[in-house]
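Have a look at data_18.pdb below; it lists PDB, C-alpha atoms.
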MODEL        1
ATOM      1  CA  MET G   1      -1.848  22.900 -14.393
ATOM      2  CA  ASN G   2      -4.861  20.610 -14.537
ATOM      3  CA  LYS G   3      -3.741  17.188 -15.801
ATOM      4  CA  GLY G   4      -7.250  15.710 -15.910
ATOM      5  CA  ASP G   5      -8.746  12.526 -14.571
ATOM      6  CA  ILE G   6      -6.684   9.523 -13.482
ATOM      7  CA  PHE G   7      -8.758   6.551 -14.557
ATOM      8  CA  ASP G   8      -6.295   3.837 -13.521
ATOM      9  CA  CYS G   9      -5.632   4.795  -9.904
ATOM     10  CA  LEU G  10      -8.329   2.358  -8.785
ATOM     11  CA  PRO G  11      -9.541  -0.912 -10.308
ATOM     12  CA  LYS G  12     -12.189  -0.945 -13.004
ATOM     13  CA  GLY G  13     -15.789  -0.976 -11.840
ATOM     14  CA  PRO G  14     -17.986   1.461  -9.933
ATOM     15  CA  ASP G  15     -15.033   3.225  -8.288
ATOM     16  CA  PRO G  16     -14.943   7.039  -8.519
ATOM     17  CA  THR G  17     -12.484   8.935 -10.701
ATOM     18  CA  PHE G  18      -9.602  10.733  -9.026
ATOM     19  CA  HIS G  19      -8.496  14.098 -10.398
ATOM     20  CA  LEU G  20      -4.845  15.201 -10.635
ATOM     21  CA  VAL G  21      -3.672  18.835 -10.513
ATOM     22  CA  HIS G  22      -0.025  19.836 -11.006
ATOM     23  CA  ARG G  23       1.120  22.643  -8.686
ATOM     24  CA  SER G  24       4.694  23.141  -9.886
ATOM     25  CA  PRO G  25       6.885  25.620  -7.959
ATOM     26  CA  SER G  26       8.580  26.519 -11.282
ATOM     27  CA  TRP G  27       7.420  26.364 -14.898
ATOM     28  CA  ASP G  28      10.821  27.108 -16.487
ATOM     29  CA  HIS G  29      11.314  23.609 -17.895
ATOM     30  CA  PHE G  30       7.917  23.737 -19.625
ATOM     31  CA  ALA G  31       9.062  26.737 -21.680
ATOM     32  CA  VAL G  32      11.781  24.601 -23.317
ATOM     33  CA  ASP G  33       9.753  21.374 -23.309
ATOM     34  CA  ALA G  34      12.250  19.606 -21.028
ATOM     35  CA  PRO G  35      11.719  17.118 -18.178
ATOM     36  CA  SER G  36      11.700  18.531 -14.681
ATOM     37  CA  ARG G  37      14.818  18.018 -12.577
ATOM     38  CA  GLY G  38      13.537  19.566  -9.348
ATOM     39  CA  ASP G  39      10.846  18.941  -6.765
ATOM     40  CA  GLU G  40       7.260  18.931  -8.013
ATOM     41  CA  HIS G  41       3.929  19.209  -6.192
ATOM     42  CA  PHE G  42       0.650  17.543  -7.108
ATOM     43  CA  SER G  43      -2.837  17.280  -5.646
ATOM     44  CA  VAL G  44      -5.148  14.294  -6.168
ATOM     45  CA  SER G  45      -8.800  14.506  -5.164
ATOM     46  CA  GLY G  46     -11.934  12.426  -5.443
ATOM     47  CA  GLU G  47     -14.472  10.434  -3.450
ATOM     48  CA  LEU G  48     -14.103   7.065  -1.781
ATOM     49  CA  LEU G  49     -16.753   4.369  -1.972
ATOM     50  CA  SER G  50     -17.451   2.745   1.372
ATOM     51  CA  GLY G  51     -17.143  -1.045   1.497
ATOM     52  CA  SER G  52     -14.993  -1.473  -1.621
ATOM     53  CA  GLY G  53     -11.354  -1.031  -2.525
ATOM     54  CA  PRO G  54      -8.565  -2.197  -4.826
ATOM     55  CA  ALA G  55      -7.743  -5.178  -2.597
ATOM     56  CA  GLY G  56     -11.351  -6.391  -2.469
ATOM     57  CA  ASP G  57     -14.628  -5.655  -0.727
ATOM     58  CA  HIS G  58     -14.513  -5.302   3.016
ATOM     59  CA  GLY G  59     -16.802  -4.825   5.968
ATOM     60  CA  GLY G  60     -16.242  -3.481   9.428
ATOM     61  CA  HIS G  61     -15.844  -0.154  11.163
ATOM     62  CA  PHE G  62     -13.161   1.521   9.011
ATOM     63  CA  HIS G  63     -12.612   2.673   5.450
ATOM     64  CA  ASP G  64     -10.005   0.640   3.574
ATOM     65  CA  TRP G  65      -6.808   2.693   3.180
ATOM     66  CA  GLN G  66      -5.452   0.373   0.465
ATOM     67  CA  PHE G  67      -6.683   2.794  -2.213
ATOM     68  CA  LEU G  68      -3.710   4.952  -1.155
ATOM     69  CA  THR G  69      -1.232   2.209  -2.066
ATOM     70  CA  VAL G  70      -2.572   2.095  -5.623
ATOM     71  CA  LEU G  71      -3.092   5.847  -5.900
ATOM     72  CA  VAL G  72       0.479   6.697  -4.867
ATOM     73  CA  ARG G  73       2.001   4.009  -7.087
ATOM     74  CA  GLU G  74      -0.065   4.785 -10.196
ATOM     75  CA  THR G  75       0.177   8.549  -9.780
ATOM     76  CA  GLY G  76       3.898   8.301  -9.019
ATOM     77  CA  SER G  77       4.602   6.230 -12.120
ATOM     78  CA  PHE G  78       2.535   8.624 -14.275
ATOM     79  CA  ILE G  79       4.488  11.574 -12.870
ATOM     80  CA  GLY G  80       7.804   9.796 -13.481
ATOM     81  CA  TYR G  81       7.039   9.086 -17.124
ATOM     82  CA  GLN G  82       5.309  12.377 -17.933
ATOM     83  CA  HIS G  83       7.240  14.947 -15.904
ATOM     84  CA  PHE G  84      10.700  13.528 -15.220
ATOM     85  CA  GLY G  85      11.446  11.863 -18.554
ATOM     86  CA  ILE G  86      11.759   8.336 -17.149
ATOM     87  CA  PRO G  87      11.600   5.804 -20.022
ATOM     88  CA  PRO G  88       8.128   4.227 -20.074
ATOM     89  CA  TYR G  89       9.555   0.731 -20.578
ATOM     90  CA  LEU G  90      10.995   0.792 -17.034
ATOM     91  CA  PRO G  91       8.398  -0.670 -14.642
ATOM     92  CA  ALA G  92       7.630   1.153 -11.397
ATOM     93  CA  GLN G  93       7.991  -0.678  -8.093
ATOM     94  CA  PHE G  94       7.969   0.427  -4.463
ATOM     95  CA  SER G  95      11.161  -0.104  -2.504
ATOM     96  CA  LEU G  96       9.490   1.590   0.477
ATOM     97  CA  PHE G  97       5.896   2.378   1.410
ATOM     98  CA  GLU G  98       4.967   3.952   4.737
ATOM     99  CA  LEU G  99       1.543   5.001   5.953
ATOM    100  CA  GLU G 100       0.564   6.547   9.267
ATOM    101  CA  LEU G 101      -3.086   7.232  10.070
ATOM    102  CA  HIS G 102      -3.548  10.219  12.358
ATOM    103  CA  ASP G 103      -6.810   9.737  14.267
ATOM    104  CA  PRO G 104      -8.453   6.351  13.571
ATOM    105  CA  ALA G 105     -11.834   7.964  14.260
ATOM    106  CA  THR G 106     -11.442   9.918  11.002
ATOM    107  CA  TRP G 107     -11.397   6.610   9.112
ATOM    108  CA  ARG G 108     -14.610   5.220  10.579
ATOM    109  CA  ALA G 109     -16.977   4.127   7.818
ATOM    110  CA  VAL G 110     -19.844   6.431   8.763
ATOM    111  CA  GLY G 111     -20.452   7.904   5.281
ATOM    112  CA  ASP G 112     -20.972   6.381   1.858
ATOM    113  CA  ARG G 113     -18.727   8.733  -0.153
ATOM    114  CA  PRO G 114     -16.136  10.599   1.935
ATOM    115  CA  SER G 115     -14.103  13.181   0.041
ATOM    116  CA  VAL G 116     -10.370  12.490  -0.292
ATOM    117  CA  THR G 117      -7.530  14.915  -1.057
ATOM    118  CA  VAL G 118      -3.933  13.728  -1.315
ATOM    119  CA  ASP G 119      -1.155  16.323  -1.614
ATOM    120  CA  LEU G 120       2.077  14.842  -2.989
ATOM    121  CA  HIS G 121       5.622  16.209  -2.939
ATOM    122  CA  VAL G 122       7.783  14.355  -5.493
ATOM    123  CA  ARG G 123      11.588  14.548  -5.610
ATOM    124  CA  PRO G 124      13.724  12.799  -8.282
ATOM    125  CA  SER G 125      16.880  10.915  -7.297
ATOM    126  CA  GLY G 126      19.176   8.165  -8.569
ATOM    127  CA  VAL G 127      19.992   9.900 -11.873
ATOM    128  CA  LEU G 128      21.262   7.500 -14.560
ATOM    129  CA  ASP G 129      21.686   8.373 -18.258
ATOM    130  CA  SER G 130      20.381  11.911 -17.582
ATOM    131  CA  SER G 131      17.032  10.782 -16.126
ATOM    132  CA  PRO G 132      16.091   9.815 -12.556
ATOM    133  CA  HIS G 133      15.430   6.182 -11.743
ATOM    134  CA  ARG G 134      13.879   6.792  -8.333
ATOM    135  CA  LEU G 135      11.215   9.132  -6.961
ATOM    136  CA  GLU G 136      10.990  10.101  -3.291
ATOM    137  CA  ILE G 137       7.336  10.770  -2.491
ATOM    138  CA  THR G 138       5.842  12.313   0.639
ATOM    139  CA  GLY G 139       2.208  13.173   1.058
ATOM    140  CA  THR G 140      -0.636  14.179   3.322
ATOM    141  CA  VAL G 141      -4.180  12.831   3.156
ATOM    142  CA  LEU G 142      -7.381  14.704   4.018
ATOM    143  CA  LEU G 143     -10.548  12.705   4.585
ATOM    144  CA  ASN G 144     -13.658  14.903   4.578
ATOM    145  CA  ASP G 145     -11.265  17.878   4.996
ATOM    146  CA  LEU G 146      -9.842  16.381   8.213
ATOM    147  CA  PRO G 147      -6.188  15.287   8.566
ATOM    148  CA  GLY G 148      -6.250  11.587   7.737
ATOM    149  CA  ALA G 149      -2.775  10.211   7.120
ATOM    150  CA  ARG G 150       0.857  10.793   6.262
ATOM    151  CA  ILE G 151       2.520   8.934   3.368
ATOM    152  CA  ARG G 152       6.157   8.313   2.532
ATOM    153  CA  ALA G 153       7.273   6.186  -0.411
ATOM    154  CA  ALA G 154      10.247   5.439  -2.648
ATOM    155  CA  LEU G 155       9.300   4.408  -6.177
ATOM    156  CA  GLY G 156      12.019   2.827  -8.291
ATOM    157  CA  PHE G 157      12.208   2.515 -12.095
ATOM    158  CA  LEU G 158      14.788  -0.153 -12.906
ATOM    159  CA  VAL G 159      15.186  -2.931 -15.455
ATOM    160  CA  PRO G 160      13.970  -6.186 -13.822
ATOM    161  CA  MET G 161      16.725  -8.701 -13.240
ATOM    162  CA  PRO G 162      16.143 -12.383 -14.067
ATOM    163  CA  VAL G 163      15.367 -14.409 -10.966
ATOM    164  CA  HIS G 164      15.795 -18.155 -10.614
ATOM    165  CA  ALA G 165      12.404 -19.694  -9.912
ATOM    166  CA  PRO G 166      12.347 -21.456  -6.516
ATOM    167  CA  ASP G 167      10.198 -24.473  -5.825
ATOM    168  CA  PRO G 168       6.432 -23.956  -6.188
ATOM    169  CA  PRO G 169       4.341 -23.784  -3.011
ATOM    170  CA  GLY G 170       2.648 -26.840  -1.617
ATOM    171  CA  PRO G 171      -1.113 -27.140  -1.115
ATOM    172  CA  THR G 172      -2.637 -25.024   1.647
ATOM    173  CA  VAL G 173      -6.050 -23.883   2.849
ATOM    174  CA  ALA G 174      -6.774 -20.165   3.034
ATOM    175  CA  VAL G 175      -8.074 -18.611   6.234
ATOM    176  CA  ARG G 176     -11.611 -17.233   6.317
ATOM    177  CA  PRO G 177     -12.154 -13.720   4.900
ATOM    178  CA  SER G 178     -13.569 -12.450   8.197
ATOM    179  CA  GLU G 179     -10.260 -13.267   9.915
ATOM    180  CA  VAL G 180      -8.389 -10.748   7.752
ATOM    181  CA  GLY G 181     -11.051  -8.070   7.321
ATOM    182  CA  ARG G 182     -12.263  -9.114   3.859
ATOM    183  CA  VAL G 183     -15.572 -10.282   2.401
ATOM    184  CA  SER G 184     -14.592 -12.455  -0.580
ATOM    185  CA  GLN G 185     -12.554 -15.650  -0.262
ATOM    186  CA  GLU G 186     -10.638 -14.908  -3.478
ATOM    187  CA  THR G 187      -9.024 -11.827  -1.908
ATOM    188  CA  VAL G 188      -7.578 -13.768   1.046
ATOM    189  CA  LEU G 189      -3.786 -13.949   0.655
ATOM    190  CA  LEU G 190      -2.891 -16.059   3.710
ATOM    191  CA  GLY G 191      -3.032 -19.795   4.237
ATOM    192  CA  THR G 192      -3.553 -21.685   7.486
ATOM    193  CA  PRO G 193      -1.093 -20.244  10.030
ATOM    194  CA  VAL G 194       1.181 -21.904  12.559
ATOM    195  CA  LEU G 195       1.330 -20.146  15.934
ATOM    196  CA  SER G 196       4.261 -20.728  18.272
ATOM    197  CA  ALA G 197       4.029 -20.754  22.055
ATOM    198  CA  TYR G 198       5.669 -17.303  22.028
ATOM    199  CA  GLY G 199       3.026 -15.756  19.742
ATOM    200  CA  ARG G 200       5.026 -15.920  16.501
ATOM    201  CA  LEU G 201       2.666 -16.459  13.561
ATOM    202  CA  THR G 202       3.861 -18.002  10.296
ATOM    203  CA  SER G 203       1.519 -18.314   7.338
ATOM    204  CA  PRO G 204       1.977 -19.273   3.673
ATOM    205  CA  VAL G 205       1.307 -16.417   1.245
ATOM    206  CA  LEU G 206      -1.205 -17.070  -1.536
ATOM    207  CA  ILE G 207      -0.676 -14.883  -4.611
ATOM    208  CA  PRO G 208      -3.602 -15.425  -7.004
ATOM    209  CA  ARG G 209      -2.929 -15.824 -10.707
ATOM    210  CA  ASP G 210      -5.646 -13.743 -12.370
ATOM    211  CA  LEU G 211      -7.109 -11.392  -9.730
ATOM    212  CA  PRO G 212      -6.674  -7.754 -10.875
ATOM    213  CA  GLY G 213      -4.337  -5.747  -8.657
ATOM    214  CA  LEU G 214      -3.393  -8.662  -6.406
ATOM    215  CA  GLY G 215      -2.592 -11.401  -8.909
ATOM    216  CA  ALA G 216       0.470 -12.278 -10.956
ATOM    217  CA  ALA G 217       1.358 -14.966 -13.453
ATOM    218  CA  PRO G 218       3.914 -17.602 -12.400
ATOM    219  CA  ASN G 219       7.463 -16.223 -12.537
ATOM    220  CA  GLY G 220       6.044 -12.693 -12.638
ATOM    221  CA  SER G 221       6.793  -9.961 -10.122
ATOM    222  CA  VAL G 222       4.635  -9.844  -6.988
ATOM    223  CA  PRO G 223       2.549  -6.621  -7.150
ATOM    224  CA  ASP G 224       3.100  -3.831  -4.625
ATOM    225  CA  LEU G 225      -0.569  -3.926  -3.654
ATOM    226  CA  ALA G 226      -0.311  -7.653  -2.872
ATOM    227  CA  LEU G 227       2.675  -7.084  -0.564
ATOM    228  CA  THR G 228       1.002  -4.342   1.460
ATOM    229  CA  GLU G 229      -2.172  -6.445   1.595
ATOM    230  CA  VAL G 230      -0.237  -9.469   2.900
ATOM    231  CA  VAL G 231       1.227  -7.293   5.657
ATOM    232  CA  ARG G 232      -2.208  -5.843   6.482
ATOM    233  CA  GLN G 233      -3.896  -9.267   6.575
ATOM    234  CA  ALA G 234      -1.092 -10.887   8.608
ATOM    235  CA  SER G 235      -1.231  -8.028  11.114
ATOM    236  CA  LEU G 236      -4.982  -8.435  11.651
ATOM    237  CA  LEU G 237      -4.752 -12.225  11.807
ATOM    238  CA  CYS G 238      -1.892 -12.174  14.320
ATOM    239  CA  ALA G 239      -3.667  -9.551  16.453
ATOM    240  CA  ARG G 240      -6.752 -11.751  16.530
ATOM    241  CA  LEU G 241      -4.995 -15.010  17.391
ATOM    242  CA  THR G 242      -2.517 -13.629  19.937
ATOM    243  CA  CYS G 243      -4.333 -10.644  21.467
ATOM    244  CA  GLY G 244      -8.019 -11.310  20.782
ATOM    245  CA  LEU G 245      -8.607  -8.185  18.656
ATOM    246  CA  HIS G 246     -11.563  -8.388  16.285
ATOM    247  CA  PRO G 247     -10.566  -7.984  12.580
ATOM    248  CA  GLN G 248     -13.876  -6.389  11.550
ATOM    249  CA  ARG G 249     -13.416  -3.668  14.172
ATOM    250  CA  SER G 250      -9.696  -3.183  13.550
ATOM    251  CA  THR G 251      -7.398  -1.364  11.162
ATOM    252  CA  THR G 252      -3.644  -0.917  10.758
ATOM    253  CA  THR G 253      -2.882   2.655  11.813
ATOM    254  CA  ALA G 254       0.857   2.557  11.103
ATOM    255  CA  LEU G 255       2.582   0.645   8.343
ATOM    256  CA  SER G 256       6.109   0.481   6.942
ATOM    257  CA  VAL G 257       6.895  -1.984   4.141
ATOM    258  CA  ARG G 258      10.400  -2.234   2.689
ATOM    259  CA  ARG G 259      11.517  -4.532  -0.139
ATOM    260  CA  ARG G 260      14.838  -6.267   0.594
ATOM    261  CA  GLY G 261      15.106  -8.496  -2.459
ATOM    262  CA  SER G 262      13.463  -9.832  -5.581
ATOM    263  CA  MET G 263      10.562 -12.247  -5.377
ATOM    264  CA  ILE G 264       8.382 -13.966  -7.925
ATOM    265  CA  ALA G 265       4.846 -15.270  -7.996
ATOM    266  CA  GLY G 266       4.183 -18.969  -8.334
ATOM    267  CA  ALA G 267       6.888 -19.906  -5.816
ATOM    268  CA  ALA G 268       6.641 -20.494  -2.082
ATOM    269  CA  LEU G 269       6.309 -17.348   0.060
ATOM    270  CA  ASP G 270       5.840 -17.233   3.815
ATOM    271  CA  CYS G 271       4.926 -14.346   6.098
ATOM    272  CA  THR G 272       5.959 -14.211   9.751
ATOM    273  CA  ALA G 273       4.369 -11.803  12.243
ATOM    274  CA  VAL G 274       5.595 -11.203  15.792
ATOM    275  CA  PRO G 275       3.340  -9.122  18.078
ATOM    276  CA  GLY G 276       4.567  -6.623  20.627
ATOM    277  CA  ARG G 277       2.935  -5.719  23.906
ATOM    278  CA  LEU G 278      -0.820  -5.087  23.834
ATOM    279  CA  GLY G 279      -1.625  -1.584  25.082
ATOM    280  CA  VAL G 280      -4.169   1.208  24.731
ATOM    281  CA  ASP G 281      -4.022   4.616  23.070
ATOM    282  CA  GLU G 282      -4.911   7.968  24.663
ATOM    283  CA  HIS G 283      -8.623   7.255  24.103
ATOM    284  CA  GLY G 284      -8.514   3.809  25.680
ATOM    285  CA  TYR G 285      -8.669   1.828  22.412
ATOM    286  CA  PRO G 286      -6.569  -1.367  22.307
ATOM    287  CA  ARG G 287      -3.577  -1.449  19.966
ATOM    288  CA  VAL G 288      -0.653  -3.755  19.363
ATOM    289  CA  PRO G 289       2.553  -3.288  17.304
ATOM    290  CA  MET G 290       3.805  -5.934  14.881
ATOM    291  CA  VAL G 291       7.098  -6.855  13.234
ATOM    292  CA  LEU G 292       6.669  -8.810   9.996
ATOM    293  CA  THR G 293       8.922 -10.522   7.468
ATOM    294  CA  ILE G 294       8.152 -12.165   4.126
ATOM    295  CA  HIS G 295      10.546 -14.939   3.067
ATOM    296  CA  GLN G 296      11.166 -16.720  -0.219
ATOM    297  CA  ASN G 297      13.750 -19.418  -0.827
ATOM    298  CA  GLY G 298      15.273 -18.860   2.625
ATOM    299  CA  ARG G 299      15.738 -15.100   2.098
ATOM    300  CA  ALA G 300      13.965 -12.169   3.742
ATOM    301  CA  VAL G 301      12.534 -10.274   0.764
ATOM    302  CA  VAL G 302      10.244  -7.877   2.670
ATOM    303  CA  GLU G 303      10.596  -6.356   6.136
ATOM    304  CA  ALA G 304       7.669  -4.516   7.679
ATOM    305  CA  THR G 305       6.227  -3.048  10.851
ATOM    306  CA  SER G 306       2.625  -2.201  11.632
ATOM    307  CA  GLU G 307       0.285  -1.290  14.449
ATOM    308  CA  VAL G 308      -3.213  -2.713  14.769
ATOM    309  CA  HIS G 309      -5.891  -0.527  16.361
ATOM    310  CA  GLN G 310      -9.329  -1.832  17.419
ATOM    311  CA  ASP G 311     -12.482   0.229  17.704
ATOM    312  CA  PHE G 312     -15.052  -0.459  20.407
TER     313      PHE G 312
ENDMDL
END
Go ahead and render the structure in this file as structure tokens.
Amino acid sequence: MNKGDIFDCLPKGPDPTFHLVHRSPSWDHFAVDAPSRGDEHFSVSGELLSGSGPAGDHGGHFHDWQFLTVLVRETGSFIGYQHFGIPPYLPAQFSLFELELHDPATWRAVGDRPSVTVDLHVRPSGVLDSSPHRLEITGTVLLNDLPGARIRAALGFLVPMPVHAPDPPGPTVAVRPSEVGRVSQETVLLGTPVLSAYGRLTSPVLIPRDLPGLGAAPNGSVPDLALTEVVRQASLLCARLTCGLHPQRSTTTALSVRRRGSMIAGAALDCTAVPGRLGVDEHGYPRVPMVLTIHQNGRAVVEATSEVHQDF
């Protein structure tokens, strides 16, 4: 079943439209106009513009994979509301997002408009009041018809709980865009870091107020895209300062981000990154693993791992 164009998978502007096709293994529930209660399959396809993405313009050797964060979240929420009967007043939020790039060479920015196909397998879980409140999503990504990445995500649909607002953050100076693989200063989400003698990097997190996709009003929920972007930027910054890797020639080839608690914008957030041992892959390219944590009000609210890969 062709479900048409998805206009909101990427930010407004010159970005291409992605097209969603439903490939259901069973059409029985459509005959009685009932929500699906089993696994469903979808395919999303389109073209990717080089040098731009939902988290801001970027330069360097690699395409920005952040469009997948938005695509999976927006497509997953659409599927939840339209196909599984989840009430539309329940906001969607990742509790888990994992991304593994296969061959980094596939993601080199050598073309202006690479074709993208994302095949998604969606399974409902956490049934409450006869409708699921959680979707388990796995997917594969083809870039120019070549295997590009594997995706795994858990998308929750729950009533937000009130959170006591911690103290607001103090003044800080953002790092330069080139240090985190961005072009515009407004898309930098990290302040001046502190680096310990053991290589542990701690940096204040800067959540903008009005920037589409990355911003949030004070006391609002921190967007999923902002969290994955903080982890991506902190990984590149830590790899540069501790291992000498160049952000413009680097990308994160493995990423796992897991929410551990509630957090709000407009209050102090800090991100800590601890690098592992610098090594090389089978092609001789340098890479380094990272363990990252985002804290607010003395609590770990996000735990993440990543691996930074540098091109020659």
**OP:** For Phe312 (chain G), work out the shell of residues within 9 Å, counting all atoms listed in the file and skipping chain neighbours fewer than 5 positions away, then give it as an MDAnalysis selection string.
**Re:** chainID G and resid 249 285:286
Find the residues near Leu142 (chain G): any atom within 10 Å, counting all atoms listed in the file, skip ones fewer than 2 places away on the same chain, and give them as an mmCIF file with C-alpha atoms, in the frame of the given file.
data_model
loop_
_atom_site.group_PDB
_atom_site.id
_atom_site.type_symbol
_atom_site.label_atom_id
_atom_site.label_comp_id
_atom_site.auth_asym_id
_atom_site.auth_seq_id
_atom_site.Cartn_x
_atom_site.Cartn_y
_atom_site.Cartn_z
ATOM 1 C CA SER G 45 -8.800 14.506 -5.164
ATOM 2 C CA THR G 106 -11.442 9.918 11.002
ATOM 3 C CA PRO G 114 -16.136 10.599 1.935
ATOM 4 C CA SER G 115 -14.103 13.181 0.041
ATOM 5 C CA VAL G 116 -10.370 12.490 -0.292
ATOM 6 C CA THR G 117 -7.530 14.915 -1.057
ATOM 7 C CA VAL G 118 -3.933 13.728 -1.315
ATOM 8 C CA ASP G 119 -1.155 16.323 -1.614
ATOM 9 C CA THR G 140 -0.636 14.179 3.322
ATOM 10 C CA ASN G 144 -13.658 14.903 4.578
ATOM 11 C CA ASP G 145 -11.265 17.878 4.996
ATOM 12 C CA LEU G 146 -9.842 16.381 8.213
ATOM 13 C CA PRO G 147 -6.188 15.287 8.566
ATOM 14 C CA GLY G 148 -6.250 11.587 7.737
ATOM 15 C CA ALA G 149 -2.775 10.211 7.120
ATOM 16 C CA ARG G 150 0.857 10.793 6.262
#
Subject >> Pick from G:Phe97, G:Tyr198, G:Tyr89, G:Phe84 nearest to Val274 (chain G), counting all atoms listed in the file >> reply: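 Residue with the minimum atom-to-atom distance to Val274 (chain G): G:Tyr198.
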Original post:
Any idea what's packed within 7 Å of region 132-134 of chain G, counting all atoms listed in the file, ignoring anything in its chain fewer than 3 positions away? Could you give it as number ranges by chain?
Top reply: G: 86, 124-128, 154-158
Just the selected residues (C-alpha atoms), exported as a PDB file, in the frame of the given file, please.
ATOM      1  CA  ILE G  86      11.759   8.336 -17.149  1.00  0.00           C
ATOM      2  CA  PRO G 124      13.724  12.799  -8.282  1.00  0.00           C
ATOM      3  CA  SER G 125      16.880  10.915  -7.297  1.00  0.00           C
ATOM      4  CA  GLY G 126      19.176   8.165  -8.569  1.00  0.00           C
ATOM      5  CA  VAL G 127      19.992   9.900 -11.873  1.00  0.00           C
ATOM      6  CA  LEU G 128      21.262   7.500 -14.560  1.00  0.00           C
ATOM      7  CA  ALA G 154      10.247   5.439  -2.648  1.00  0.00           C
ATOM      8  CA  LEU G 155       9.300   4.408  -6.177  1.00  0.00           C
ATOM      9  CA  GLY G 156      12.019   2.827  -8.291  1.00  0.00           C
ATOM     10  CA  PHE G 157      12.208   2.515 -12.095  1.00  0.00           C
ATOM     11  CA  LEU G 158      14.788  -0.153 -12.906  1.00  0.00           C
TER      12      LEU G 158
END
Original post:
Skipping near chain neighbours, those fewer than 6 positions away, what residues fall within 12 Å of Glu282 (chain G) using all atoms listed in the file, listed as a list in words?
Top reply: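 Within the cut-off, the hits are Asp103, Pro104 and His309 of chain G.
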**OP:** Kindly resolve the PyMOL selection byres ((chain G and resi 107-110) around 6) on the present coordinates and return the residues as a list in words.
**Re:** His61, Phe62, His63, Pro104, Ala105, Thr106 and Gly111 of chain G
Keeping C-alpha atoms for every residue in the selection just given, could you write it to a file as an mmCIF file, in the frame of the given file?
data_model
loop_
_atom_site.group_PDB
_atom_site.id
_atom_site.type_symbol
_atom_site.label_atom_id
_atom_site.label_comp_id
_atom_site.auth_asym_id
_atom_site.auth_seq_id
_atom_site.Cartn_x
_atom_site.Cartn_y
_atom_site.Cartn_z
ATOM 1 C CA HIS G 61 -15.844 -0.154 11.163
ATOM 2 C CA PHE G 62 -13.161 1.521 9.011
ATOM 3 C CA HIS G 63 -12.612 2.673 5.450
ATOM 4 C CA PRO G 104 -8.453 6.351 13.571
ATOM 5 C CA ALA G 105 -11.834 7.964 14.260
ATOM 6 C CA THR G 106 -11.442 9.918 11.002
ATOM 7 C CA GLY G 111 -20.452 7.904 5.281
#
**OP:** Name the residues that the PyMOL selection byres ((chain G and resi 176) around 12) picks from the file above, as a ChimeraX atom specification, using the file's chain letters and numbers.
**Re:** /G:173-175,177-193,233,237,247
Subject >> Counting all atoms listed in the file, the residue of G:Gly261, G:Gly266, G:Pro54, G:Gly80 that sits nearest Leu214 (chain G) >> reply: G:Pro54
**OP:** Report as a VMD selection string the residues that result from applying the PyMOL selection byres ((chain G and resi 257) around 6) to the structure here.
**Re:** chain G and resid 96 to 97 256 258 304
Original post:
Using only C-alpha atoms, which residue out of G:Gln310, G:Ser196, G:Ser24, G:Thr305 lies closest to Ala239 (chain G)?
Top reply: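 Among the listed residues, the smallest separation from Ala239 (chain G) belongs to G:Gln310.
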Original post:
From the list G:Pro204, G:Met263, G:Gln296, G:Gln248, which residue is nearest His58 (chain G) when using all atoms listed in the file?
Top reply: G:Gln248
**OP:** Figure out the distance between CA of Pro218 (chain G) and CA of Leu99 (chain G), please, to one decimal in Å.
**Re:** 29.2 Å
**OP:** Select, from G:Val122, G:Val288, G:Val308, G:Leu225, the residue with the minimum atom-to-atom distance to Glu136 (chain G), counting only C-alpha atoms.
**Re:** G:Val122
Subject >> Nearest to Arg37 (chain G) by atom-to-atom distance, counting only C-alpha atoms, from G:Gln93, G:Arg23, G:Phe78, G:Leu135 >> reply: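 Ranking G:Gln93, G:Arg23, G:Phe78, G:Leu135 by distance to Arg37 (chain G), first place goes to G:Leu135.
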